[in-house]
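Student: Structure supplied as coords.pdb; contents: PDB, C-alpha atoms.
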ATOM      1  CA  MET A1271      -7.074  32.587  77.681
ATOM      2  CA  THR A1272      -7.497  34.846  74.700
ATOM      3  CA  GLY A1273      -6.265  35.081  71.159
ATOM      4  CA  LYS A1274      -6.731  37.851  68.624
ATOM      5  CA  GLU A1275     -10.273  36.787  67.744
ATOM      6  CA  THR A1276     -11.616  34.494  70.506
ATOM      7  CA  GLY A1277     -11.539  34.200  74.267
ATOM      8  CA  VAL A1278     -11.917  30.951  76.224
ATOM      9  CA  ASN A1279     -12.781  30.654  79.913
ATOM     10  CA  ARG A1280     -13.170  27.640  82.193
ATOM     11  CA  ILE A1281     -15.966  28.414  84.645
ATOM     12  CA  ARG A1282     -16.755  26.579  87.881
ATOM     13  CA  TRP A1283     -20.083  27.035  89.667
ATOM     14  CA  ILE A1284     -20.655  25.752  93.190
ATOM     15  CA  HIS A1285     -24.279  25.597  94.289
ATOM     16  CA  PRO A1286     -25.938  28.009  94.847
ATOM     17  CA  THR A1287     -24.715  30.149  91.943
ATOM     18  CA  VAL A1288     -26.990  32.517  90.006
ATOM     19  CA  VAL A1289     -26.034  34.661  87.012
ATOM     20  CA  PRO A1290     -28.784  37.225  86.315
ATOM     21  CA  THR A1291     -30.170  37.725  82.823
ATOM     22  CA  HIS A1292     -27.845  39.799  80.645
ATOM     23  CA  SER A1293     -26.652  39.960  77.042
ATOM     24  CA  HIS A1294     -23.438  40.624  75.147
ATOM     25  CA  PRO A1295     -23.843  43.239  72.398
ATOM     26  CA  ASP A1296     -20.178  42.880  71.447
ATOM     27  CA  CYS A1297     -19.833  39.115  70.893
ATOM     28  CA  GLU A1298     -21.308  35.667  70.421
ATOM     29  CA  GLN A1299     -20.981  33.200  73.321
ATOM     30  CA  THR A1300     -20.719  29.401  73.272
ATOM     31  CA  VAL A1301     -21.116  27.321  76.449
ATOM     32  CA  ILE A1302     -19.913  23.689  76.641
ATOM     33  CA  VAL A1303     -20.727  21.832  79.874
ATOM     34  CA  THR A1304     -17.927  19.501  81.029
ATOM     35  CA  LYS A1305     -19.080  18.516  84.545
ATOM     36  CA  GLY A1306     -22.348  18.580  86.512
ATOM     37  CA  LYS A1307     -25.569  20.220  85.371
ATOM     38  CA  ILE A1308     -26.684  23.838  85.023
ATOM     39  CA  ILE A1309     -29.967  25.550  84.247
ATOM     40  CA  PHE A1310     -29.488  27.958  81.370
ATOM     41  CA  THR A1311     -32.134  30.516  80.449
ATOM     42  CA  VAL A1312     -32.161  31.893  76.898
ATOM     43  CA  GLU A1313     -34.735  34.625  76.372
ATOM     44  CA  ASP A1314     -37.869  33.027  77.915
ATOM     45  CA  ASP A1315     -36.803  29.382  77.569
ATOM     46  CA  GLU A1316     -35.082  27.343  80.267
ATOM     47  CA  PHE A1317     -32.767  24.398  79.520
ATOM     48  CA  THR A1318     -30.887  21.906  81.661
ATOM     49  CA  LEU A1319     -27.407  21.434  80.220
ATOM     50  CA  GLU A1320     -25.361  18.332  81.064
ATOM     51  CA  PRO A1321     -21.802  17.276  80.183
ATOM     52  CA  GLY A1322     -21.218  17.360  76.438
ATOM     53  CA  GLU A1323     -24.147  19.662  75.722
ATOM     54  CA  ILE A1324     -23.623  23.029  74.049
ATOM     55  CA  ALA A1325     -25.488  26.344  73.924
ATOM     56  CA  ILE A1326     -24.662  29.041  71.363
ATOM     57  CA  LEU A1327     -25.850  32.574  72.087
ATOM     58  CA  PRO A1328     -25.843  35.170  69.317
ATOM     59  CA  ARG A1329     -25.078  38.805  70.170
ATOM     60  CA  ASN A1330     -27.752  40.656  72.170
ATOM     61  CA  VAL A1331     -29.707  37.512  73.176
ATOM     62  CA  PRO A1332     -30.778  37.761  76.843
ATOM     63  CA  HIS A1333     -29.495  34.818  78.895
ATOM     64  CA  GLY A1334     -28.609  33.796  82.424
ATOM     65  CA  GLY A1335     -28.148  30.692  84.481
ATOM     66  CA  ARG A1336     -28.036  28.973  87.813
ATOM     67  CA  SER A1337     -26.555  25.929  89.445
ATOM     68  CA  ILE A1338     -28.680  22.912  90.310
ATOM     69  CA  GLU A1339     -26.632  21.137  92.967
ATOM     70  CA  GLY A1340     -23.052  20.417  93.888
ATOM     71  CA  GLU A1341     -20.487  21.619  91.389
ATOM     72  CA  ALA A1342     -20.618  22.260  87.651
ATOM     73  CA  GLU A1343     -17.939  23.255  85.159
ATOM     74  CA  PHE A1344     -18.182  24.553  81.640
ATOM     75  CA  ILE A1345     -16.095  26.140  78.931
ATOM     76  CA  GLU A1346     -17.303  29.424  77.493
ATOM     77  CA  ILE A1347     -16.002  30.839  74.249
ATOM     78  CA  PHE A1348     -16.474  34.455  73.198
ATOM     79  CA  ALA A1349     -15.996  35.627  69.621
ATOM     80  CA  PRO A1350     -14.657  38.196  69.286
ATOM     81  CA  THR A1351     -12.799  38.091  72.568
ATOM     82  CA  ARG A1352     -13.997  40.263  75.467
ATOM     83  CA  ILE A1353     -11.379  42.552  76.999
ATOM     84  CA  GLU A1354     -13.418  42.460  80.236
ATOM     85  CA  ASN A1355     -12.546  38.779  80.696
ATOM     86  CA  LEU A1356      -8.787  39.274  80.756
ATOM     87  CA  LEU A1357      -7.148  38.532  84.112
ATOM     88  CA  GLY A1358      -6.090  41.796  85.684
ATOM     89  CA  PHE A1359      -8.391  43.947  83.538
ATOM     90  CA  VAL A1360      -8.618  47.384  85.133
ATOM     91  CA  GLY A1361     -12.251  48.390  85.042
ATOM     92  CA  SER A1362     -15.640  47.205  86.156
ATOM     93  CA  SER A1363     -16.630  43.579  86.476
ATOM     94  CA  SER A1364     -17.751  41.773  83.347
ATOM     95  CA  MET A1365     -20.443  40.018  85.407
ATOM     96  CA  PRO A1366     -23.914  41.537  85.530
ATOM     97  CA  ASP A1367     -24.790  43.415  88.700
ATOM     98  CA  PRO A1368     -27.163  41.109  90.655
ATOM     99  CA  ASP A1369     -28.992  44.169  92.060
ATOM    100  CA  GLU A1370     -29.403  45.888  88.684
ATOM    101  CA  GLY A1371     -33.036  46.377  87.856
ATOM    102  CA  THR A1372     -34.240  45.167  91.256
ATOM    103  CA  GLY A1373     -34.368  48.570  92.895
ATOM    104  CA  ALA A1374     -31.871  47.425  95.528
TER     105      ALA A1374
END
Would you mind writing the structure in this file as structure tokens?
Tutor:
Amino acid sequence: MTGKETGVNRIRWIHPTVVPTHSHPDCEQTVIVTKGKIIFTVEDDEFTLEPGEIAILPRNVPHGGRSIEGEAEFIEIFAPTRIENLLGFVGSSSMPDPDEGTGA
């Protein structure tokens, strides 16, 4: 869902899920865990986030994450909104390429 200034996504990860390190030069991102647990990496620090916990990522801060077990859900908020996250967006994926930088 998106408005003029912010975008909100409900994300569901089923183990094993890995999101490689990436950053968003165009927006700030907030993550709010609602179910399960995830490992979230921000720059060189790793955090376990549980329901009710929040991470706020300024623009250009490298981050990534992975599931721990079972299923996890979280809300992510982007400000300003990201056109790449709109359903039906014609273009490349907004997810980082898992092979990027690995030489694969």
Student: Report as a PDB file with C-alpha atoms, in the coordinates of the input all protein, DNA and RNA residues lying within 6 Å of range 1326-1333 of chain A, evaluated on all atoms listed in the file, omitting residues in the same chain fewer than 3 positions from it.
Tutor:
ATOM      1  CA  THR A1291     -30.170  37.725  82.823  1.00  0.00           C
ATOM      2  CA  HIS A1292     -27.845  39.799  80.645  1.00  0.00           C
ATOM      3  CA  SER A1293     -26.652  39.960  77.042  1.00  0.00           C
ATOM      4  CA  HIS A1294     -23.438  40.624  75.147  1.00  0.00           C
ATOM      5  CA  PRO A1295     -23.843  43.239  72.398  1.00  0.00           C
ATOM      6  CA  CYS A1297     -19.833  39.115  70.893  1.00  0.00           C
ATOM      7  CA  GLU A1298     -21.308  35.667  70.421  1.00  0.00           C
ATOM      8  CA  GLN A1299     -20.981  33.200  73.321  1.00  0.00           C
ATOM      9  CA  THR A1300     -20.719  29.401  73.272  1.00  0.00           C
ATOM     10  CA  THR A1311     -32.134  30.516  80.449  1.00  0.00           C
ATOM     11  CA  VAL A1312     -32.161  31.893  76.898  1.00  0.00           C
ATOM     12  CA  GLU A1313     -34.735  34.625  76.372  1.00  0.00           C
TER      13      GLU A1313
END
Student: Considering all atoms listed in the file, state which residue in the set A:Pro1286, A:Ile1309, A:Thr1351, A:Val1303 is at the smallest distance from Glu1339 in chain A.
Tutor: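 Among A:Pro1286, A:Ile1309, A:Thr1351, A:Val1303, it is A:Pro1286 that comes nearest to Glu1339 in chain A.
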Student: Record the distance separating CA of Leu1319 in chain A and CA of Ile1353 in chain A, expressed in Å with one decimal.
Tutor: 26.7 Å
Student: Determine the nearest neighbour of Glu1343 in chain A from the options A:Asn1279, A:Asp1315, A:Thr1304, A:Thr1272, counting all atoms listed in the file.
Tutor: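 The closest residue to Glu1343 in chain A is A:Thr1304.
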Student: When you draw a straight line from CA of Gly1277 in chain A to CA of Pro1350 in chain A, how long is it in Å?
Tutor: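 One can read the CA of Gly1277 in chain A to CA of Pro1350 in chain A distance as 7.1 Å.
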Student: Within 7 Å of Glu1320 in chain A, counting all atoms listed in the file, which residues qualify if same-chain residues fewer than 5 places away don't, as a list of chain:residue names?
Tutor: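 These residues fall inside the cut-off: A:Val1303, A:Gly1306, A:Lys1307, A:Ile1308.
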Student: Would you put the residues from that selection into a file with C-alpha atoms, as a compact mmCIF listing (two decimals), keeping the file's coordinate frame?
Tutor:
# COMPACT_ATOMS: atom_id res chain seq x y z
CA VAL A 1303 -20.73 21.83 79.87
CA GLY A 1306 -22.35 18.58 86.51
CA LYS A 1307 -25.57 20.22 85.37
CA ILE A 1308 -26.68 23.84 85.02
Student: Go ahead and compute the interatomic distance for CA of Arg1280 in chain A and CA of Phe1310 in chain A, in Å to one decimal.
Tutor: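 Atom-to-atom, CA of Arg1280 in chain A and CA of Phe1310 in chain A are spaced 16.3 Å apart.
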Student: Written as a PyMOL selection string, which residues does the PyMOL selection byres ((chain A and resi 1285) around 10) give for the file shown?
Tutor: chain A and resi 1282-1284+1286-1288+1308+1336-1342
Student: Print the selection's residues with C-alpha atoms to a file, as a compact mmCIF listing (two decimals), in the frame of the given file.
Tutor:
# COMPACT_ATOMS: atom_id res chain seq x y z
CA ARG A 1282 -16.76 26.58 87.88
CA TRP A 1283 -20.08 27.04 89.67
CA ILE A 1284 -20.66 25.75 93.19
CA PRO A 1286 -25.94 28.01 94.85
CA THR A 1287 -24.72 30.15 91.94
CA VAL A 1288 -26.99 32.52 90.01
CA ILE A 1308 -26.68 23.84 85.02
CA ARG A 1336 -28.04 28.97 87.81
CA SER A 1337 -26.56 25.93 89.44
CA ILE A 1338 -28.68 22.91 90.31
CA GLU A 1339 -26.63 21.14 92.97
CA GLY A 1340 -23.05 20.42 93.89
CA GLU A 1341 -20.49 21.62 91.39
CA ALA A 1342 -20.62 22.26 87.65
Student: Produce the centre coordinates and the three edge lengths, each in Å to one decimal, of the box along x, y and z that contains all listed atoms of range 1282-1285 of chain A with 6 Å added on each side, as AutoDock Vina command-line options.
Tutor:
--center_x -20.5 --center_y 26.3 --center_z 91.1 --size_x 19.5 --size_y 13.4 --size_z 18.4
Student: Could you check which of A:Val1289, A:Glu1354, A:Ile1302, A:Gly1322 is closest to Gly1335 in chain A, using all atoms listed in the file?
Tutor: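 Closest residue, counting all atoms listed in the file: A:Val1289.
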